[in-house]
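J.: Following this line is protein-v6.txt, made up of compact mmCIF, C-alpha atoms:
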# COMPACT_ATOMS: atom_id res chain seq x y z
CA MET D 4 55.14 -57.41 -120.47
CA LYS D 5 57.41 -54.66 -121.88
CA ARG D 6 54.38 -52.94 -123.33
CA HIS D 7 52.76 -52.61 -119.91
CA VAL D 8 55.74 -50.76 -118.52
CA LEU D 9 54.92 -47.86 -120.79
CA ILE D 10 51.33 -47.52 -119.63
CA PRO D 11 52.03 -45.62 -116.37
CA LEU D 12 54.39 -43.37 -118.30
CA LEU D 13 51.70 -42.65 -120.90
CA LEU D 14 49.13 -41.99 -118.18
CA PHE D 15 51.55 -39.65 -116.47
CA MET D 16 52.18 -37.79 -119.71
CA VAL D 17 48.44 -37.38 -120.34
CA LEU D 18 48.03 -36.05 -116.80
CA ALA D 19 51.02 -33.72 -117.23
CA ILE D 20 49.60 -32.34 -120.47
CA PHE D 21 46.22 -31.68 -118.87
CA LEU D 22 47.85 -29.97 -115.90
CA ALA D 23 50.09 -27.87 -118.16
CA VAL D 24 47.08 -26.73 -120.19
CA GLY D 25 45.16 -26.03 -117.00
CA LEU D 26 47.98 -23.99 -115.51
CA ASN D 27 48.33 -21.86 -118.61
CA ARG D 28 44.68 -20.95 -118.85
CA ASP D 29 43.26 -18.01 -116.99
CA PRO D 30 40.23 -19.17 -115.00
CA ARG D 31 39.08 -15.57 -114.79
CA GLU D 32 38.45 -15.50 -118.52
CA VAL D 33 34.95 -16.74 -118.91
CA PRO D 34 33.81 -16.92 -122.53
CA SER D 35 31.03 -14.41 -123.00
CA PRO D 36 27.70 -15.69 -124.30
CA LEU D 37 27.15 -12.23 -125.76
CA ILE D 38 29.50 -12.75 -128.70
CA GLY D 39 27.44 -12.91 -131.87
CA ARG D 40 24.51 -11.25 -130.09
CA PRO D 41 23.28 -7.69 -130.55
CA ALA D 42 24.96 -5.22 -128.21
CA PRO D 43 22.47 -4.42 -125.41
CA GLY D 44 20.92 -1.00 -125.83
CA PHE D 45 21.33 1.74 -123.28
CA SER D 46 20.74 5.42 -122.93
CA LEU D 47 23.22 7.03 -120.61
CA PRO D 48 24.42 10.51 -119.83
CA ARG D 49 27.54 11.64 -121.61
CA LEU D 50 30.62 12.40 -119.62
CA ASP D 51 32.57 14.51 -122.04
CA ASP D 52 32.43 18.27 -121.82
CA ALA D 53 29.80 18.24 -119.11
CA PRO D 54 30.61 20.51 -116.21
CA VAL D 55 31.35 18.75 -112.95
CA ALA D 56 28.37 18.02 -110.71
CA MET D 57 25.87 19.03 -113.35
CA ALA D 58 22.86 16.77 -113.72
CA LEU D 59 23.61 14.91 -116.92
CA ALA D 60 20.81 14.16 -119.33
CA PRO D 61 20.59 10.59 -120.64
CA GLY D 62 21.02 10.35 -124.32
CA PHE D 63 24.00 8.41 -125.55
CA GLY D 64 23.65 4.78 -126.62
CA PRO D 65 24.77 2.12 -129.11
CA LYS D 66 22.14 3.40 -131.55
CA ASP D 67 24.31 6.48 -132.07
CA MET D 68 27.08 4.23 -133.33
CA ALA D 69 24.96 2.28 -135.84
CA GLY D 70 26.67 1.77 -139.19
CA LYS D 71 30.14 1.95 -137.69
CA VAL D 72 32.60 -0.60 -136.45
CA TRP D 73 33.43 0.59 -132.94
CA LEU D 74 35.02 -0.37 -129.68
CA LEU D 75 33.32 -0.13 -126.31
CA ASN D 76 35.82 0.14 -123.49
CA VAL D 77 34.47 -0.34 -119.97
CA TRP D 78 36.68 1.40 -117.46
CA ALA D 79 36.69 3.22 -114.13
CA SER D 80 38.88 5.73 -112.40
CA TRP D 81 39.18 3.36 -109.41
CA CYS D 82 40.49 0.54 -111.58
CA VAL D 83 44.23 -0.07 -111.45
CA ALA D 84 44.45 -2.17 -114.61
CA CYS D 85 42.67 0.63 -116.51
CA ARG D 86 45.58 2.90 -115.76
CA GLN D 87 47.91 0.26 -117.20
CA GLU D 88 45.77 -0.08 -120.30
CA HIS D 89 45.32 3.64 -120.85
CA PRO D 90 48.41 4.39 -123.00
CA VAL D 91 47.39 1.59 -125.38
CA LEU D 92 43.96 3.16 -125.74
CA VAL D 93 45.45 6.59 -126.39
CA GLU D 94 47.66 5.10 -129.09
CA PHE D 95 44.73 3.28 -130.61
CA ALA D 96 42.64 6.45 -130.66
CA LYS D 97 45.46 8.32 -132.40
CA SER D 98 45.70 5.64 -135.08
CA GLY D 99 42.06 6.32 -135.93
CA ALA D 100 41.34 2.66 -136.73
CA ALA D 101 37.86 2.82 -135.21
CA PRO D 102 35.92 5.04 -132.85
CA LEU D 103 36.46 4.18 -129.21
CA VAL D 104 33.57 4.69 -126.81
CA GLY D 105 34.20 4.76 -123.09
CA LEU D 106 31.78 3.44 -120.52
CA GLY D 107 32.59 4.70 -117.04
CA TYR D 108 31.53 1.79 -114.85
CA LYS D 109 30.35 2.58 -111.32
CA ASP D 110 32.33 5.75 -111.28
CA ARG D 111 31.74 9.25 -110.04
CA VAL D 112 31.46 11.84 -112.79
CA ALA D 113 34.00 14.15 -111.17
CA ASP D 114 36.51 11.32 -110.67
CA ALA D 115 36.12 10.09 -114.24
CA GLN D 116 36.51 13.59 -115.65
CA GLY D 117 39.56 14.24 -113.53
CA TRP D 118 41.09 10.99 -114.74
CA LEU D 119 40.56 11.86 -118.41
CA ALA D 120 41.89 15.38 -117.91
CA ARG D 121 45.00 14.02 -116.24
CA TYR D 122 45.87 11.09 -118.48
CA GLY D 123 44.30 12.14 -121.77
CA ASN D 124 40.95 11.29 -123.29
CA PRO D 125 41.09 8.57 -125.96
CA TYR D 126 37.30 8.30 -126.24
CA SER D 127 35.26 9.79 -129.05
CA ALA D 128 32.33 9.54 -126.66
CA SER D 129 32.04 8.65 -122.99
CA ALA D 130 28.99 7.42 -121.15
CA VAL D 131 28.53 7.12 -117.40
CA ASP D 132 27.07 3.94 -115.94
CA ALA D 133 26.87 5.07 -112.34
CA ASP D 134 24.87 2.18 -110.87
CA GLY D 135 26.41 -0.57 -113.02
CA ARG D 136 23.12 -1.65 -114.62
CA VAL D 137 24.47 -1.42 -118.16
CA GLY D 138 27.56 -3.27 -117.00
CA ILE D 139 25.32 -6.16 -115.92
CA ASP D 140 23.63 -6.19 -119.34
CA TYR D 141 27.05 -6.45 -120.97
CA GLY D 142 28.14 -9.20 -118.59
CA VAL D 143 30.94 -7.05 -117.15
CA TYR D 144 32.58 -8.66 -114.15
CA GLY D 145 36.04 -7.20 -114.10
CA VAL D 146 37.00 -3.83 -115.52
CA PRO D 147 38.60 -3.10 -117.91
CA GLU D 148 36.70 -4.96 -120.60
CA THR D 149 36.59 -4.10 -124.28
CA TYR D 150 34.00 -5.06 -126.88
CA VAL D 151 34.29 -4.90 -130.66
CA ILE D 152 30.89 -4.12 -132.17
CA ASP D 153 30.17 -4.30 -135.89
CA LYS D 154 28.11 -2.09 -138.20
CA ALA D 155 24.92 -4.02 -137.46
CA GLY D 156 25.44 -3.59 -133.73
CA THR D 157 26.55 -7.18 -133.06
CA ILE D 158 29.24 -7.91 -130.49
CA ARG D 159 32.09 -9.67 -132.28
CA PHE D 160 34.85 -9.83 -129.71
CA LYS D 161 35.34 -9.29 -126.02
CA GLN D 162 38.61 -8.66 -124.26
CA ILE D 163 38.52 -9.28 -120.53
CA GLY D 164 41.22 -7.43 -118.68
CA PRO D 165 43.52 -4.73 -120.00
CA LEU D 166 44.06 -4.36 -123.74
CA THR D 167 47.65 -4.94 -124.74
CA ARG D 168 49.46 -4.01 -127.93
CA GLU D 169 49.74 -7.73 -128.72
CA VAL D 170 45.98 -8.31 -128.50
CA LEU D 171 45.39 -5.17 -130.51
CA GLN D 172 47.79 -6.22 -133.28
CA ALA D 173 46.90 -9.90 -133.36
CA LYS D 174 43.15 -9.83 -132.86
CA ILE D 175 41.41 -6.49 -132.78
CA LEU D 176 42.96 -4.63 -135.72
CA PRO D 177 42.55 -7.57 -138.16
CA LEU D 178 38.97 -7.98 -136.95
CA ILE D 179 38.22 -4.28 -137.50
CA ARG D 180 39.66 -4.49 -141.04
CA GLU D 181 37.53 -7.56 -141.73
CA LEU D 182 34.36 -5.95 -140.38
CA GLU D 183 34.96 -2.73 -142.29
CA GLN D 184 34.72 -4.59 -145.62
CA MET G 5 9.45 3.78 -51.59
CA ARG G 6 8.72 5.75 -54.73
CA PRO G 7 12.31 5.92 -56.11
CA VAL G 8 12.53 2.16 -55.85
CA LEU G 9 9.33 1.79 -57.85
CA VAL G 10 10.60 4.17 -60.52
CA MET G 11 13.86 2.24 -60.77
CA LEU G 12 11.99 -1.02 -61.06
CA LEU G 13 9.83 0.41 -63.85
CA LEU G 14 12.90 1.70 -65.68
CA VAL G 15 14.58 -1.69 -65.50
CA LEU G 16 11.42 -3.34 -66.78
CA ALA G 17 11.24 -0.80 -69.59
CA VAL G 18 14.77 -1.73 -70.68
CA PHE G 19 13.81 -5.39 -70.81
CA ALA G 20 10.68 -4.58 -72.77
CA ALA G 21 12.69 -2.63 -75.31
CA ARG G 22 15.21 -5.47 -75.69
CA ALA G 23 12.48 -8.00 -76.25
CA GLY G 24 11.37 -6.22 -79.44
CA GLU G 25 11.83 -8.39 -82.49
CA ALA G 26 14.51 -7.42 -85.01
CA PRO G 27 12.93 -5.87 -88.07
CA PRO G 28 12.95 -8.08 -91.18
CA LEU G 29 15.78 -7.31 -93.58
CA ALA G 30 13.63 -7.02 -96.64
CA GLU G 31 10.15 -5.80 -97.25
CA ASP G 32 9.08 -9.15 -98.66
CA PRO G 33 10.43 -12.28 -96.93
CA VAL G 34 9.13 -14.53 -99.73
CA VAL G 35 11.14 -12.63 -102.34
CA GLU G 36 14.16 -12.75 -100.05
CA GLN G 37 13.79 -16.51 -99.67
CA ARG G 38 13.63 -17.01 -103.44
CA LEU G 39 16.54 -14.62 -103.99
CA LEU G 40 18.62 -16.68 -101.58
CA ALA G 41 17.66 -19.97 -103.26
CA ILE G 42 18.67 -18.62 -106.68
CA ALA G 43 21.83 -16.94 -105.45
CA GLU G 44 23.00 -20.20 -103.84
CA GLU G 45 22.88 -21.82 -107.28
CA VAL G 46 24.95 -19.15 -108.99
CA ARG G 47 28.68 -18.56 -108.96
CA CYS G 48 30.01 -15.11 -108.21
CA LEU G 49 32.25 -14.11 -111.13
CA VAL G 50 34.54 -11.90 -109.11
CA CYS G 51 35.47 -14.52 -106.52
CA GLN G 52 34.75 -17.66 -108.41
CA ASN G 53 34.75 -20.06 -105.49
CA GLU G 54 31.94 -18.23 -103.77
CA SER G 55 28.26 -18.35 -104.55
CA LEU G 56 26.39 -15.20 -105.38
CA ALA G 57 24.61 -15.57 -102.05
CA GLY G 58 27.83 -15.74 -100.06
CA SER G 59 29.95 -13.20 -101.89
CA ARG G 60 30.55 -9.70 -100.64
CA ALA G 61 31.97 -8.47 -103.93
CA GLU G 62 30.39 -5.34 -105.28
CA LEU G 63 29.17 -7.09 -108.42
CA ALA G 64 27.44 -9.71 -106.26
CA LEU G 65 25.66 -6.95 -104.34
CA ASP G 66 24.54 -5.39 -107.61
CA LEU G 67 23.39 -8.71 -109.00
CA ARG G 68 21.43 -9.55 -105.87
CA ARG G 69 19.77 -6.17 -106.14
CA GLU G 70 19.00 -6.88 -109.79
CA ILE G 71 17.55 -10.33 -108.96
CA ARG G 72 15.43 -8.82 -106.19
CA HIS G 73 14.20 -6.26 -108.67
CA LEU G 74 13.30 -8.97 -111.23
CA LEU G 75 11.51 -11.06 -108.59
CA THR G 76 9.41 -8.15 -107.40
CA GLN G 77 8.48 -7.60 -111.02
CA GLY G 78 6.94 -11.08 -110.96
CA LYS G 79 9.62 -12.97 -112.92
CA SER G 80 9.89 -16.71 -112.28
CA ASP G 81 13.03 -18.35 -110.86
CA ALA G 82 13.80 -19.88 -114.29
CA GLU G 83 13.53 -16.47 -115.94
CA VAL G 84 15.94 -14.98 -113.43
CA LEU G 85 18.46 -17.78 -114.05
CA ASP G 86 18.08 -17.22 -117.80
CA PHE G 87 18.78 -13.53 -117.24
CA LEU G 88 22.06 -14.38 -115.54
CA VAL G 89 23.09 -17.10 -118.01
CA ALA G 90 22.38 -14.80 -120.98
CA ARG G 91 24.92 -12.35 -119.58
CA TYR G 92 27.58 -14.50 -117.97
CA GLY G 93 27.16 -17.91 -119.63
CA ASP G 94 26.53 -21.41 -118.26
CA PHE G 95 29.71 -21.02 -116.22
CA VAL G 96 27.82 -19.12 -113.52
CA ARG G 97 25.57 -22.09 -112.78
CA TYR G 98 26.84 -24.61 -110.28
CA ARG G 99 24.70 -27.19 -112.04
CA PRO G 100 25.14 -26.49 -115.75
CA PRO G 101 22.46 -27.84 -118.10
CA LEU G 102 23.05 -31.00 -120.12
CA LYS G 103 23.76 -30.01 -123.72
CA PRO G 104 26.40 -30.79 -126.39
CA THR G 105 29.00 -28.44 -124.94
CA THR G 106 28.63 -29.93 -121.46
CA TRP G 107 28.44 -33.62 -122.42
CA LEU G 108 32.09 -34.13 -121.58
CA LEU G 109 31.59 -32.40 -118.23
CA TRP G 110 28.67 -34.61 -117.24
CA GLY G 111 29.81 -37.82 -118.93
CA GLY G 112 33.57 -37.51 -118.38
CA PRO G 113 33.71 -39.13 -114.92
CA PHE G 114 31.60 -42.08 -116.09
CA ALA G 115 33.75 -42.47 -119.21
CA LEU G 116 36.87 -42.52 -117.01
CA LEU G 117 35.27 -45.11 -114.72
CA ALA G 118 34.37 -47.28 -117.72
CA ALA G 119 37.90 -46.96 -119.12
CA GLY G 120 39.33 -47.93 -115.71
CA LEU G 121 37.09 -51.01 -115.45
CA PHE G 122 37.98 -52.02 -119.02
CA GLY G 123 41.69 -51.69 -118.22
CA LEU G 124 41.23 -53.73 -115.03
CA VAL G 125 39.47 -56.53 -116.93
CA LEU G 126 42.24 -56.60 -119.55
CA PHE G 127 44.91 -56.66 -116.84
CA VAL G 128 43.26 -59.49 -114.90
CA ARG G 129 42.70 -61.54 -118.08
CA ALA G 130 46.34 -61.12 -119.09
CA ARG G 131 47.54 -62.31 -115.70
CA GLN G 132 45.25 -65.32 -115.69
CA GLY G 133 46.76 -66.53 -118.96
CA THR G 134 50.46 -66.43 -118.05
CA GLY G 135 50.96 -66.06 -114.35
CA ALA G 136 50.53 -69.54 -112.89
CA ALA G 137 52.65 -71.94 -114.91
CA LEU G 138 56.36 -72.49 -114.12
CA THR G 139 58.88 -72.83 -116.89
CA PRO G 140 60.65 -76.24 -117.13
CA GLU G 141 63.73 -74.66 -115.60
CA GLU G 142 61.78 -73.31 -112.65
CA GLN G 143 60.18 -76.73 -112.17
CA ARG G 144 63.62 -78.30 -112.00
CA GLU G 145 64.71 -75.66 -109.44
CA ALA G 146 61.59 -76.28 -107.41
CA ALA G 147 62.22 -80.02 -107.45
CA ALA G 148 65.78 -79.44 -106.25
CA LEU G 149 64.59 -77.60 -103.15
CA PRO G 150 64.66 -79.64 -99.95
CA ASP G 151 61.27 -80.87 -98.82
CA GLU G 152 60.08 -79.18 -95.70
CA GLY G 153 56.98 -79.05 -93.61
CA PRO G 154 54.27 -81.68 -93.49
Translate this structure into structure tokens?

T.:
Amino acid sequence: MKRHVLIPLLLFMVLAIFLAVGLNRDPREVPSPLIGRPAPGFSLPRLDDAPVAMALAPGFGPKDMAGKVWLLNVWASWCVACRQEHPVLVEFAKSGAAPLVGLGYKDRVADAQGWLARYGNPYSASAVDADGRVGIDYGVYGVPETYVIDKAGTIRFKQIGPLTREVLQAKILPLIRELEQ
Amino acid sequence: MRPVLVMLLLVLAVFAARAGEAPPLAEDPVVEQRLLAIAEEVRCLVCQNESLAGSRAELALDLRREIRHLLTQGKSDAEVLDFLVARYGDFVRYRPPLKPTTWLLWGGPFALLAAGLFGLVLFVRARQGTGAALTPEEQREAAALPDEGP
């Protein structure tokens, strides 16, 4: 009979563990099916150095980054968390660990350019995805999002939400070193 | 007499204008019907407790536009669902497919039910074995009680 007294306690502990795990997970982080898949191709106008309101010619895409380990950062000037993430990106760009490509998601060219002029431009190249089509191909559902893409053009890692120094140190930098080999 | 007639005609004209049918929302009602059926089956990723059909998030608008585009291109419903799953994962489907990673999801409730029934059987069996008999001491106590009733 003593044994049975412990059963409700054990059941409660199992329940408590499940609830604790559930509470500490972010339901907004949906694992991307794109990891391990080739990065979707696109050809988009470049943002950098183009005069405001000029019709931009399409031209920039993942093909231009072939043979390099690079980061694709999806951002927008209307996105609050992007502002929070920005200093981390600037630091990362200064370290020169890997080229950082910006994808301006559903943004106006003038707004995006103003943003970069004001806060600094960490991107070695910036593309503009005005209608969000490329964002859909990349499974973007909440900017900012960051992808690590290897030399063969395969997506290796996806960060949903702002990049932090912790994620950079613990996950992205070791991954870049590994992929560079 | 004439002003009255004119007024009557004007009033009638207003009614005639009101009776006009509202224009259809989309060019192709069949595509719209299929779009709705698919979107009801898909979760909106921005507000996860809403379907793609019900959500007013910007991404949902874009995705509905994209689905409409695919349907007008002649893609089947299954192909459109595959398009969404390839980008956002099985998570977006309200009815995820049965495969090794979702076995626990589909089978979990039944496994819990089976475990509960098993526990119940064990519990009942254990009670049947020990519950009824009185110890000698209890029998003596029972015998010492005054007889009452019929």

J.: Could you give me, as JSON lines, a per-residue list for chain G showing, wherever an atom lies at most 7 Å from an atom of chain D, the closest pair of atoms and their distance in Å to one decimal, using all atoms listed in the file and sorting by chain then residue number from low to high?

T.:
{"residue": "G:Leu49", "atom": "CA", "partner": "D:Tyr144", "partner_atom": "CA", "distance": 6.2}
{"residue": "G:Val50", "atom": "CA", "partner": "D:Tyr144", "partner_atom": "CA", "distance": 6.3}
{"residue": "G:Leu63", "atom": "CA", "partner": "D:Tyr144", "partner_atom": "CA", "distance": 6.9}
{"residue": "G:Ala90", "atom": "CA", "partner": "D:Pro36", "partner_atom": "CA", "distance": 6.3}
{"residue": "G:Arg91", "atom": "CA", "partner": "D:Gly142", "partner_atom": "CA", "distance": 4.6}
{"residue": "G:Tyr92", "atom": "CA", "partner": "D:Gly142", "partner_atom": "CA", "distance": 5.4}
{"residue": "G:Gly93", "atom": "CA", "partner": "D:Pro36", "partner_atom": "CA", "distance": 5.2}

J.: As JSON, please: the centre and edge lengths in Å, to one decimal, of an axis-aligned box enclosing every listed atom of region 100-116 of chain G with 8 Å added on each side.

T.:
{"center_x": 29.7, "center_y": -34.5, "center_z": -120.7, "size_x": 30.4, "size_y": 32.0, "size_z": 27.5}

J.: Please, what distance in Å, to one decimal, runs between CA of Leu171 (chain D) and CA of Pro90 (chain D)?

T.: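 For CA of Leu171 (chain D) relative to CA of Pro90 (chain D), the distance reads 12.5 Å.
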
J.: Figure out the distance between CA of Ala57 (chain G) and CA of Val84 (chain G), please, to one decimal in Å.

T.: 14.3 Å

J.: Figure out the distance between CA of Asp110 (chain D) and CA of Val146 (chain D), please, to one decimal in Å.

T.: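 CA of Asp110 (chain D) lies at a distance of 11.5 Å from CA of Val146 (chain D).
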
J.: Take the point (20.1, -8.5, -130.0) in the file's coordinates, draw a sphere of radius 12 Å around it, and report as a list of chain:residue names every protein, DNA or RNA residue with an atom inside or on it, counting only C-alpha atoms.

T.: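 Nearby residues: D:Pro36, D:Leu37, D:Ile38, D:Gly39, D:Arg40, D:Pro41, D:Ala42, D:Pro43, D:Gly44, D:Pro65, D:Asp140, D:Tyr141, D:Ile152, D:Ala155, D:Gly156, D:Thr157, D:Ile158, G:Ala90.
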
J.: Which one is closest to Arg99 (chain G): G:Leu117, G:Ala147, G:Val125, G:Val46? Count all atoms listed in the file.

T.: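 Ranking G:Leu117, G:Ala147, G:Val125, G:Val46 by distance to Arg99 (chain G), first place goes to G:Val46.
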